[in-house]
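Listing of model38.cif, mmCIF, C-alpha atoms
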```cif
data_entry
loop_
_atom_site.label_atom_id
_atom_site.label_comp_id
_atom_site.auth_asym_id
_atom_site.auth_seq_id
_atom_site.Cartn_x
_atom_site.Cartn_y
_atom_site.Cartn_z
CA MET A 1 15.69 -16.38 21.09
CA LYS A 2 16.36 -17.00 17.41
CA LYS A 3 16.02 -13.98 15.10
CA THR A 4 13.57 -14.06 12.21
CA LEU A 5 14.73 -13.42 8.66
CA GLN A 6 13.03 -10.01 8.77
CA GLN A 7 14.93 -9.13 11.98
CA LYS A 8 18.24 -10.21 10.43
CA ILE A 9 17.67 -8.15 7.26
CA THR A 10 16.45 -5.05 9.10
CA ASP A 11 19.35 -5.32 11.57
CA ALA A 12 21.86 -5.59 8.69
CA LEU A 13 20.33 -2.58 6.91
CA SER A 14 20.35 -0.50 10.11
CA HIS A 15 24.14 -0.11 9.80
CA HIS A 16 23.95 1.42 6.32
CA THR A 17 22.69 5.01 6.47
CA GLY A 18 22.83 5.28 2.67
CA ALA A 19 20.51 2.29 2.28
CA ILE A 20 18.14 3.71 4.90
CA THR A 21 18.06 7.06 3.08
CA VAL A 22 17.32 5.35 -0.25
CA LEU A 23 14.57 3.17 1.24
CA LYS A 24 12.94 6.07 3.10
CA THR A 25 13.08 8.28 -0.01
CA LEU A 26 11.58 5.53 -2.16
CA ASP A 27 8.87 4.88 0.44
CA ARG A 28 7.85 8.53 0.61
CA GLY A 29 8.25 9.02 -3.15
CA LEU A 30 6.15 6.02 -4.14
CA THR A 31 3.46 6.94 -1.63
CA SER A 32 3.38 10.48 -3.04
CA VAL A 33 3.21 9.23 -6.63
CA PHE A 34 0.27 6.94 -5.91
CA TYR A 35 -1.62 9.56 -3.93
CA ALA A 36 -1.03 12.17 -6.64
CA LEU A 37 -2.09 9.84 -9.47
CA TYR A 38 -5.48 8.97 -8.02
CA PRO A 39 -6.99 12.50 -8.05
CA MET A 40 -5.55 13.03 -11.54
CA LEU A 41 -7.21 9.78 -12.64
CA VAL A 42 -10.55 10.80 -11.18
CA LEU A 43 -10.35 14.22 -12.84
CA TYR A 44 -9.43 12.61 -16.16
CA VAL A 45 -12.27 10.05 -16.14
CA PHE A 46 -14.83 12.68 -15.22
CA LEU A 47 -13.63 15.10 -17.90
CA GLN A 48 -13.67 12.27 -20.46
CA LYS A 49 -17.07 11.07 -19.22
CA HIS A 50 -15.55 7.60 -18.92
CA PRO A 51 -18.24 4.94 -18.32
CA LEU A 52 -16.50 3.86 -15.08
CA ARG A 53 -16.15 7.37 -13.67
CA TRP A 54 -18.50 6.84 -10.71
CA ARG A 55 -17.00 3.43 -10.00
CA MET A 56 -13.57 5.11 -9.88
CA LEU A 57 -14.84 6.93 -6.79
CA LEU A 58 -17.06 4.29 -5.21
CA ILE A 59 -14.96 1.13 -5.53
CA PRO A 60 -11.74 2.57 -4.05
CA GLY A 61 -13.65 4.63 -1.48
CA ILE A 62 -15.81 1.83 -0.13
CA SER A 63 -12.90 -0.62 -0.26
CA PHE A 64 -10.69 1.81 1.71
CA VAL A 65 -13.34 2.20 4.42
CA LEU A 66 -13.84 -1.57 4.68
CA VAL A 67 -10.09 -2.30 4.84
CA SER A 68 -9.67 0.42 7.48
CA ALA A 69 -12.51 -1.07 9.57
CA PHE A 70 -11.09 -4.59 9.18
CA ARG A 71 -7.58 -3.59 10.28
CA HIS A 72 -9.07 -1.71 13.25
CA ILE A 73 -10.89 -4.89 14.31
CA VAL A 74 -7.84 -7.14 13.79
CA ASN A 75 -5.49 -4.56 15.35
CA ARG A 76 -2.36 -6.61 14.68
CA SER A 77 0.81 -5.32 16.29
CA ARG A 78 3.63 -3.97 14.14
CA PRO A 79 7.08 -5.56 13.87
CA TYR A 80 8.67 -2.76 15.90
CA GLU A 81 6.28 -3.56 18.72
CA ASN A 82 7.69 -7.10 18.74
CA GLY A 83 11.44 -6.63 18.84
CA ILE A 84 12.31 -5.44 15.34
CA ILE A 85 13.98 -2.04 15.41
CA PRO A 86 12.56 -0.03 12.46
CA LEU A 87 14.90 1.75 10.08
CA TRP A 88 13.10 5.03 10.72
CA GLN A 89 11.11 6.29 13.66
CA LYS A 90 7.54 5.06 13.85
CA ASP A 91 5.21 5.48 16.78
CA ARG A 92 1.91 4.09 15.53
CA GLU A 93 0.75 1.03 17.43
CA GLY A 94 -1.27 -1.82 15.98
CA HIS A 95 -3.37 -1.62 12.84
CA SER A 96 -0.67 -3.39 10.83
CA PHE A 97 -2.76 -5.99 8.97
CA PRO A 98 -3.36 -5.48 6.13
CA SER A 99 -1.01 -2.70 5.02
CA ARG A 100 -3.20 0.21 4.00
CA HIS A 101 -0.33 1.82 2.08
CA VAL A 102 0.04 -1.23 -0.12
CA PHE A 103 -3.71 -1.79 -0.39
CA SER A 104 -4.17 1.81 -1.55
CA ALA A 105 -1.30 1.57 -4.03
CA SER A 106 -2.60 -1.65 -5.60
CA MET A 107 -6.18 -0.32 -5.63
CA ILE A 108 -5.00 2.84 -7.41
CA ALA A 109 -3.00 0.69 -9.84
CA MET A 110 -6.09 -1.42 -10.57
CA SER A 111 -8.07 1.77 -11.16
CA ILE A 112 -5.47 3.11 -13.57
CA LEU A 113 -5.45 -0.29 -15.29
CA GLN A 114 -9.00 0.50 -16.45
CA VAL A 115 -7.69 3.45 -18.47
CA ASN A 116 -4.13 2.39 -19.37
CA SER A 117 -3.15 -1.26 -18.99
CA THR A 118 0.61 -0.69 -19.32
CA ALA A 119 0.66 1.99 -16.63
CA GLY A 120 -1.65 -0.08 -14.43
CA PHE A 121 0.58 -3.15 -14.58
CA MET A 122 3.72 -1.10 -13.94
CA LEU A 123 2.05 0.50 -10.92
CA LEU A 124 1.04 -2.93 -9.58
CA VAL A 125 4.73 -3.86 -9.60
CA LEU A 126 5.60 -0.58 -7.87
CA ALA A 127 2.94 -1.30 -5.24
CA GLY A 128 4.80 -4.55 -4.57
CA VAL A 129 8.08 -2.62 -4.33
CA GLU A 130 6.47 -0.28 -1.82
CA GLY A 131 5.43 -3.32 0.20
CA ALA A 132 8.94 -4.76 0.13
CA ILE A 133 10.34 -1.45 1.35
CA ARG A 134 7.92 -1.38 4.27
CA VAL A 135 8.93 -4.92 5.27
CA LEU A 136 12.66 -4.13 4.97
CA ALA A 137 12.11 -1.00 7.08
CA GLY A 138 10.52 -3.08 9.84
CA VAL A 139 7.18 -1.26 9.81
CA HIS A 140 5.12 -4.18 8.41
CA TYR A 141 5.29 -7.95 8.22
CA CYS A 142 5.37 -9.73 4.85
CA SER A 143 1.84 -10.99 5.44
CA ASP A 144 0.64 -7.39 6.03
CA VAL A 145 1.88 -6.17 2.67
CA ALA A 146 0.94 -9.34 0.78
CA ALA A 147 -2.61 -9.12 2.13
CA GLY A 148 -2.81 -5.41 1.32
CA TRP A 149 -1.65 -6.02 -2.27
CA ILE A 150 -3.98 -8.99 -2.81
CA ILE A 151 -7.01 -7.21 -1.31
CA GLY A 152 -6.33 -4.18 -3.53
CA VAL A 153 -6.15 -6.38 -6.63
CA VAL A 154 -9.26 -8.35 -5.68
CA CYS A 155 -11.20 -5.13 -5.00
CA GLY A 156 -9.97 -3.85 -8.35
CA PHE A 157 -11.69 -6.76 -10.07
CA MET A 158 -15.00 -5.16 -9.06
CA TYR A 159 -14.54 -2.85 -12.08
CA TRP A 160 -15.33 -5.83 -14.29
CA LEU A 161 -18.56 -6.77 -12.49
#
```

Show me this structure written as structure tokens.
Amino acid sequence: MKKTLQQKITDALSHHTGAITVLKTLDRGLTSVFYALYPMLVLYVFLQKHPLRWRMLLIPGISFVLVSAFRHIVNRSRPYENGIIPLWQKDREGHSFPSRHVFSASMIAMSILQVNSTAGFMLLVLAGVEGAIRVLAGVHYCSDVAAGWIIGVVCGFMYWL
């Protein structure tokens, strides 16, 4: 059977422990940064009595629940369930589409965009980087991370409604 581009890239990376270490560190680091920024943002907007303060809780919260329910219904298998050997050990099955990591990162970036446009745009790029890392690592398909990023951005537009 012919290997996909993702299989070829992940296979090539699997022989480079330094690359795996860098990717895993970036994956964990970016996830930590996004998840640390959101509570700080919420605290800031409430202390500043920002007009969007309640939306900063409701829009990401409701969106997260809906994305989680959708991916539970779809229950798409992960690349490592279909022949791609991941760069680091993963044991979760299914629930791959859309990527909740990338959705959350782009949703947080869109939230921060409401307060600081430069930081928000930079974080949207970093959300894309996080998605690329997860594809290279063999834990998500490109379509998983693209959908997660797009859904996060689209949900973020609810701030302007």

Q: Apply the PyMOL selection byres ((chain A and resi 84) around 10) to the file shown and report the selected residues as an MDAnalysis selection string.
A: chainID A and resid 3:4 6:8 10:11 78:83 85:87 137:139

Q.
To test your reading of the syntax: which residues would the PyMOL selection byres ((chain A and resi 17-28) around 10) return for the file shown? Reply as a PyMOL selection string.
A. chain A and resi 10+13-16+29-33+87-88+101+129-134+136-137

Q.
For the PyMOL selection byres ((chain A and resi 58) around 12), applied here, can you spell out every residue it catches as a list in words?
A. Val42, Leu52, Arg53, Trp54, Arg55, Met56, Leu57, Ile59, Pro60, Gly61, Ile62, Ser63, Phe64, Val65, Leu66, Met107, Ser111, Cys155, Gly156, Met158 and Tyr159 of chain A

Q | Pairwise distance for atom CA of A:Val74 and atom CA of A:Gly128, rounded to one decimal in Å | A | 22.4 Å

(Q) What's the separation between atom CA of A:Met122 and atom CA of A:Leu161, in Å to one decimal place? (A)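 Here the two named atoms are 23.0 Å from each other.
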